[in-house]
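Participant: Questions regarding the structure given below will be posed in turn.
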Amino acid sequence: MSHESFVFLSYAATAVTLVGVLVSILLDGRARKRELAELEAQGIRRRSQTATGSSQ
Amino acid sequence: MSDTTISQGWFTGLANPTRFLALSGRILPYLAVASVLVLAVGLYMSFAAPADYQQGITVQIMYIHVPAAWLAMMCYSVMAIASVGTLVWRHPLADVAAKSALPIGAAFTFLSLLTGSLWGRPMWGTWWVWDARLTSVFVLFLMYLGLIALHKAMDDPSRAARPAAVLTLVGFINIPIIKFSVDWWNTLHQPASVMRLDGPTIDPSMLYPLLVMGLAYTLVFFTLHLMAMRNEIWRRRVRAMRRQAAQSIGR
């Protein structure tokens, strides 16, 4: 294998791993937001929300 | 009221999850843009840097291997600081910070091992040796995986928080071992050439791209960590709301 191939493989593996972590975090965030929205649509509120009326 | 009480009140107020979500939501776009820009500059500088007189073009691997190794250790140090927060202040946000850093730290450690192996093969003639530096970084990788397994083994995050914090702090002993392994033992891995008491031994034409890439990786880490912390807070909120709903049905 040429030296260029080792360099290419290193950069490709780094890109794939970091993009993979980013995508998994983005998908996780989207799923959690969807769950929160579904629970709120069912009228379920956190205790602190019901006490203060806060929306966050 | 003592000064300590006032400062603790200020600290816990800042670490309020709702306030954290609002603040991180404002910071994240700027942090993400800064990460991309510094990473682009770092990559440009890396590819514009000269080839090494001995290693040739394979020195390009250094610009992604060394920052990955730095971040693998920095991420664990962030987790250790957060673990002190969990054990001393028992603040849930500290546990959120430690837990959400785990997969990111594991990814950087994996990249450090993989790119090191891909650099070692053409330069050392071998993919792997069980020398002190490589072995201690491999132990760090196993510790990340072990801590992930510990969190996954317990359904209730509050039950996993304290044992995970204790284990993280015990494992922190590995960080100085990794750093000084190349000085304490005979290793195939080269000794430190950037963080030395007598200054870096790398030529500025290679040092500056390396430092910019180190900054880029640090920004990428904090961007990913803030995003993962927000997800973990939402996950715990969903869990709390579901439990609350189940309790109200049971009444």
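Labeling convention for the structure tokens: chains A, B, ... as they appear, residues from 1 per chain, ligands from 1 in order of appearance.
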As number ranges by chain, please: the residues near Ile175 of chain B (cut-off 12 Å, only C-alpha atoms, same-chain neighbours under 5 positions excluded).

Facilitator: B: 69-80, 133, 136-141, 143, 168-170, 180-181

Participant: Could you write those residues out with C-alpha atoms, as a PDB file, in the first residue's frame?

Facilitator:
```
ATOM      1  CA  ALA B  69      -5.200  11.825  21.263  1.00  0.00           C
ATOM      2  CA  TRP B  70      -5.295  15.246  23.014  1.00  0.00           C
ATOM      3  CA  LEU B  71      -9.099  15.270  22.904  1.00  0.00           C
ATOM      4  CA  ALA B  72      -9.333  11.666  24.127  1.00  0.00           C
ATOM      5  CA  MET B  73      -7.521  12.787  27.287  1.00  0.00           C
ATOM      6  CA  MET B  74      -9.227  16.184  27.558  1.00  0.00           C
ATOM      7  CA  CYS B  75     -12.668  14.612  27.271  1.00  0.00           C
ATOM      8  CA  TYR B  76     -11.847  12.216  30.114  1.00  0.00           C
ATOM      9  CA  SER B  77     -10.549  15.165  32.181  1.00  0.00           C
ATOM     10  CA  VAL B  78     -13.855  17.010  31.572  1.00  0.00           C
ATOM     11  CA  MET B  79     -15.677  13.870  32.758  1.00  0.00           C
ATOM     12  CA  ALA B  80     -13.475  13.692  35.872  1.00  0.00           C
ATOM     13  CA  ARG B 133       1.793   4.556  25.291  1.00  0.00           C
ATOM     14  CA  SER B 136      -2.408   2.914  28.144  1.00  0.00           C
ATOM     15  CA  VAL B 137      -4.479   4.595  25.388  1.00  0.00           C
ATOM     16  CA  PHE B 138      -6.111   1.223  24.662  1.00  0.00           C
ATOM     17  CA  VAL B 139      -6.949   0.962  28.396  1.00  0.00           C
ATOM     18  CA  LEU B 140      -8.517   4.453  28.140  1.00  0.00           C
ATOM     19  CA  PHE B 141     -10.679   3.205  25.258  1.00  0.00           C
ATOM     20  CA  MET B 143     -12.630   2.534  30.237  1.00  0.00           C
ATOM     21  CA  THR B 168     -14.394   7.840  36.342  1.00  0.00           C
ATOM     22  CA  LEU B 169     -12.274   9.378  39.109  1.00  0.00           C
ATOM     23  CA  VAL B 170     -10.464   6.085  39.789  1.00  0.00           C
ATOM     24  CA  PHE B 180       4.295  10.371  30.870  1.00  0.00           C
ATOM     25  CA  SER B 181       4.398   6.766  29.563  1.00  0.00           C
TER      26      SER B 181
END
```

Participant: Report as JSON lines: every residue of segment 163-244 of chain B with an atom at most 12 Å from segment 88-107 of chain B, its closest pair of atoms, and their distance in Å to one decimal, counting only C-alpha atoms, with rows sorted by chain and ascending residue number.

Facilitator:
```
{"residue": "B:Pro163", "atom": "CA", "partner": "B:Asp95", "partner_atom": "CA", "distance": 10.9}
{"residue": "B:Ala164", "atom": "CA", "partner": "B:Lys99", "partner_atom": "CA", "distance": 8.6}
{"residue": "B:Ala165", "atom": "CA", "partner": "B:Asp95", "partner_atom": "CA", "distance": 7.7}
{"residue": "B:Val166", "atom": "CA", "partner": "B:Val88", "partner_atom": "CA", "distance": 11.3}
{"residue": "B:Leu167", "atom": "CA", "partner": "B:Ala98", "partner_atom": "CA", "distance": 11.6}
{"residue": "B:Thr168", "atom": "CA", "partner": "B:Ala98", "partner_atom": "CA", "distance": 8.9}
{"residue": "B:Leu169", "atom": "CA", "partner": "B:Ala98", "partner_atom": "CA", "distance": 11.1}
{"residue": "B:Tyr217", "atom": "CA", "partner": "B:Ile104", "partner_atom": "CA", "distance": 11.4}
{"residue": "B:Thr218", "atom": "CA", "partner": "B:Gly105", "partner_atom": "CA", "distance": 11.5}
{"residue": "B:Val220", "atom": "CA", "partner": "B:Ile104", "partner_atom": "CA", "distance": 10.0}
{"residue": "B:Phe221", "atom": "CA", "partner": "B:Ile104", "partner_atom": "CA", "distance": 7.3}
{"residue": "B:Phe222", "atom": "CA", "partner": "B:Ala101", "partner_atom": "CA", "distance": 9.3}
{"residue": "B:Thr223", "atom": "CA", "partner": "B:Ile104", "partner_atom": "CA", "distance": 10.7}
{"residue": "B:Leu224", "atom": "CA", "partner": "B:Ile104", "partner_atom": "CA", "distance": 7.5}
{"residue": "B:His225", "atom": "CA", "partner": "B:Ala101", "partner_atom": "CA", "distance": 5.8}
{"residue": "B:Leu226", "atom": "CA", "partner": "B:Ala97", "partner_atom": "CA", "distance": 8.4}
{"residue": "B:Met227", "atom": "CA", "partner": "B:Ser100", "partner_atom": "CA", "distance": 8.9}
{"residue": "B:Ala228", "atom": "CA", "partner": "B:Ser100", "partner_atom": "CA", "distance": 5.4}
{"residue": "B:Met229", "atom": "CA", "partner": "B:Ser100", "partner_atom": "CA", "distance": 5.5}
{"residue": "B:Arg230", "atom": "CA", "partner": "B:Val96", "partner_atom": "CA", "distance": 8.7}
{"residue": "B:Asn231", "atom": "CA", "partner": "B:Ser100", "partner_atom": "CA", "distance": 8.5}
{"residue": "B:Glu232", "atom": "CA", "partner": "B:Val96", "partner_atom": "CA", "distance": 6.3}
{"residue": "B:Ile233", "atom": "CA", "partner": "B:Val96", "partner_atom": "CA", "distance": 7.0}
{"residue": "B:Trp234", "atom": "CA", "partner": "B:Val96", "partner_atom": "CA", "distance": 10.6}
{"residue": "B:Arg235", "atom": "CA", "partner": "B:Val96", "partner_atom": "CA", "distance": 10.3}
{"residue": "B:Arg236", "atom": "CA", "partner": "B:Val96", "partner_atom": "CA", "distance": 9.3}
```

Participant: I need the contact residues of chain B against chain A, so if you could list those with any atom within 9 Å, counting only C-alpha atoms, and return them as a PyMOL selection string, that would help.

Facilitator: chain B and resi 18+21-22+56-61+64-65+103-104+107-108+110-111+114-116+118-119+121-122+224+227-228+230-232+234-235+237-238+240-242+244-245

Participant: Among the residues of segment 53-249 of chain B, find those DSSP assigns to alpha helix (DSSP H) from the backbone and print them as a ChimeraX atom specification.

Facilitator: /B:62-88,92-124,132-153,157-171,174-184,204-249

Participant: Just write the chosen residues, C-alpha atoms, as a short mmCIF file (atom, residue, chain, number, x, y, z; two decimals), in the first residue's frame.

Facilitator:
```cif
data_model
loop_
_atom_site.label_atom_id
_atom_site.label_comp_id
_atom_site.auth_asym_id
_atom_site.auth_seq_id
_atom_site.Cartn_x
_atom_site.Cartn_y
_atom_site.Cartn_z
CA MET B 62 -0.06 13.73 12.54
CA TYR B 63 -2.55 16.61 12.04
CA ILE B 64 -5.51 14.33 12.80
CA HIS B 65 -3.83 11.74 15.04
CA VAL B 66 -2.29 14.05 17.67
CA PRO B 67 -5.41 16.25 18.20
CA ALA B 68 -7.54 13.07 18.51
CA ALA B 69 -5.20 11.83 21.26
CA TRP B 70 -5.29 15.25 23.01
CA LEU B 71 -9.10 15.27 22.90
CA ALA B 72 -9.33 11.67 24.13
CA MET B 73 -7.52 12.79 27.29
CA MET B 74 -9.23 16.18 27.56
CA CYS B 75 -12.67 14.61 27.27
CA TYR B 76 -11.85 12.22 30.11
CA SER B 77 -10.55 15.16 32.18
CA VAL B 78 -13.85 17.01 31.57
CA MET B 79 -15.68 13.87 32.76
CA ALA B 80 -13.48 13.69 35.87
CA ILE B 81 -14.26 17.34 36.75
CA ALA B 82 -17.97 16.66 36.16
CA SER B 83 -17.72 13.57 38.39
CA VAL B 84 -16.41 15.75 41.23
CA GLY B 85 -19.54 17.87 40.66
CA THR B 86 -21.71 14.76 40.92
CA LEU B 87 -20.07 13.53 44.13
CA VAL B 88 -19.59 16.89 45.93
CA PRO B 92 -27.72 16.26 38.07
CA LEU B 93 -26.26 18.50 35.34
CA ALA B 94 -22.76 17.32 36.33
CA ASP B 95 -23.84 13.73 35.68
CA VAL B 96 -25.46 14.82 32.41
CA ALA B 97 -22.12 16.39 31.38
CA ALA B 98 -20.11 13.28 32.28
CA LYS B 99 -22.50 10.81 30.67
CA SER B 100 -22.96 12.72 27.42
CA ALA B 101 -19.18 13.14 26.95
CA LEU B 102 -18.67 9.35 26.97
CA PRO B 103 -19.43 8.40 23.34
CA ILE B 104 -17.60 11.49 22.05
CA GLY B 105 -14.49 10.63 24.11
CA ALA B 106 -14.70 7.00 22.97
CA ALA B 107 -14.84 8.20 19.33
CA PHE B 108 -11.73 10.41 19.73
CA THR B 109 -9.85 7.58 21.49
CA PHE B 110 -10.85 5.15 18.73
CA LEU B 111 -9.60 7.65 16.11
CA SER B 112 -6.36 8.13 18.00
CA LEU B 113 -5.74 4.36 18.01
CA LEU B 114 -6.83 3.85 14.40
CA THR B 115 -4.89 6.74 12.85
CA GLY B 116 -1.88 5.85 15.01
CA SER B 117 -2.00 2.33 13.63
CA LEU B 118 -2.32 3.64 10.06
CA TRP B 119 0.70 5.88 10.70
CA GLY B 120 2.67 3.14 12.48
CA ARG B 121 2.43 0.62 9.67
CA PRO B 122 4.41 2.62 7.05
CA MET B 123 6.77 4.28 9.60
CA TRP B 124 7.41 1.55 12.20
CA ALA B 132 3.32 1.68 27.33
CA ARG B 133 1.79 4.56 25.29
CA LEU B 134 -0.31 2.41 22.98
CA THR B 135 -1.42 0.08 25.76
CA SER B 136 -2.41 2.91 28.14
CA VAL B 137 -4.48 4.60 25.39
CA PHE B 138 -6.11 1.22 24.66
CA VAL B 139 -6.95 0.96 28.40
CA LEU B 140 -8.52 4.45 28.14
CA PHE B 141 -10.68 3.21 25.26
CA LEU B 142 -11.77 0.19 27.34
CA MET B 143 -12.63 2.53 30.24
CA TYR B 144 -14.87 4.63 27.98
CA LEU B 145 -16.62 1.45 26.82
CA GLY B 146 -16.93 0.17 30.41
CA LEU B 147 -18.50 3.44 31.58
CA ILE B 148 -20.94 3.40 28.64
CA ALA B 149 -21.86 -0.19 29.62
CA LEU B 150 -22.35 0.87 33.26
CA HIS B 151 -24.79 3.63 32.25
CA LYS B 152 -26.64 1.25 29.91
CA ALA B 153 -26.89 -1.40 32.66
CA PRO B 157 -29.78 7.60 35.50
CA SER B 158 -29.71 8.84 39.10
CA ARG B 159 -28.69 5.35 40.30
CA ALA B 160 -25.84 5.12 37.76
CA ALA B 161 -24.53 8.63 38.52
CA ARG B 162 -22.53 7.95 41.70
CA PRO B 163 -20.87 4.61 40.77
CA ALA B 164 -20.01 6.04 37.33
CA ALA B 165 -18.51 9.16 38.96
CA VAL B 166 -16.40 7.07 41.36
CA LEU B 167 -15.23 4.80 38.51
CA THR B 168 -14.39 7.84 36.34
CA LEU B 169 -12.27 9.38 39.11
CA VAL B 170 -10.46 6.08 39.79
CA GLY B 171 -9.75 5.77 36.05
CA ASN B 174 -4.59 6.62 33.57
CA ILE B 175 -4.36 10.18 32.15
CA PRO B 176 -0.94 11.08 33.65
CA ILE B 177 0.20 7.53 32.87
CA ILE B 178 -0.66 8.10 29.17
CA LYS B 179 1.07 11.51 29.17
CA PHE B 180 4.29 10.37 30.87
CA SER B 181 4.40 6.77 29.56
CA VAL B 182 6.88 7.80 26.86
CA ASP B 183 9.23 9.23 29.52
CA TRP B 184 8.85 6.53 32.17
CA PRO B 204 6.82 26.03 13.07
CA SER B 205 5.73 25.05 9.52
CA MET B 206 4.26 21.87 11.05
CA LEU B 207 3.56 23.12 14.58
CA TYR B 208 1.09 25.87 13.60
CA PRO B 209 -1.19 23.61 11.48
CA LEU B 210 -1.10 21.09 14.35
CA LEU B 211 -2.12 23.72 16.92
CA VAL B 212 -4.93 25.03 14.67
CA MET B 213 -6.20 21.46 14.22
CA GLY B 214 -6.01 21.00 18.00
CA LEU B 215 -8.17 24.12 18.45
CA ALA B 216 -10.59 22.87 15.75
CA TYR B 217 -10.97 19.48 17.47
CA THR B 218 -11.55 21.24 20.81
CA LEU B 219 -14.32 23.39 19.29
CA VAL B 220 -15.85 20.31 17.61
CA PHE B 221 -15.79 18.50 20.97
CA PHE B 222 -17.55 21.31 22.85
CA THR B 223 -20.15 21.67 20.06
CA LEU B 224 -20.93 17.93 20.12
CA HIS B 225 -20.84 17.84 23.93
CA LEU B 226 -23.32 20.71 24.32
CA MET B 227 -25.64 19.04 21.78
CA ALA B 228 -25.39 15.68 23.56
CA MET B 229 -26.01 17.32 26.97
CA ARG B 230 -29.20 18.93 25.66
CA ASN B 231 -30.36 15.52 24.35
CA GLU B 232 -29.65 13.92 27.75
CA ILE B 233 -31.64 16.60 29.59
CA TRP B 234 -34.58 16.04 27.22
CA ARG B 235 -34.24 12.24 27.66
CA ARG B 236 -34.49 12.65 31.45
CA ARG B 237 -37.45 15.00 31.10
CA VAL B 238 -39.29 12.47 28.92
CA ARG B 239 -38.57 9.79 31.53
CA ALA B 240 -39.80 11.99 34.38
CA MET B 241 -42.97 12.98 32.50
CA ARG B 242 -43.75 9.33 31.63
CA ARG B 243 -43.28 8.30 35.27
CA GLN B 244 -45.48 11.18 36.38
CA ALA B 245 -48.17 10.14 33.86
CA ALA B 246 -47.98 6.51 35.05
CA GLN B 247 -48.31 7.60 38.69
CA SER B 248 -51.35 9.77 37.94
CA ILE B 249 -53.04 6.81 36.19
#
```

Participant: Work out how far atom CA of Gln190 of chain B is from atom CA of Trp130 of chain B, in Å to one decimal.

Facilitator: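 For atom CA of Trp130 of chain B relative to atom CA of Gln190 of chain B, the distance reads 14.0 Å.
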
Participant: Find the distance between atom CA of Val19 of chain A and atom CA of Ala32 of chain B and write it in Å to one decimal.

Facilitator: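 Spanning atom CA of Val19 of chain A to atom CA of Ala32 of chain B is a straight-line distance of 13.3 Å.
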
Participant: Report the distance between atom CA of His189 of chain B and atom CA of Val129 of chain B in Å, rounded to one decimal place.

Facilitator: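 The value is 9.2 Å.
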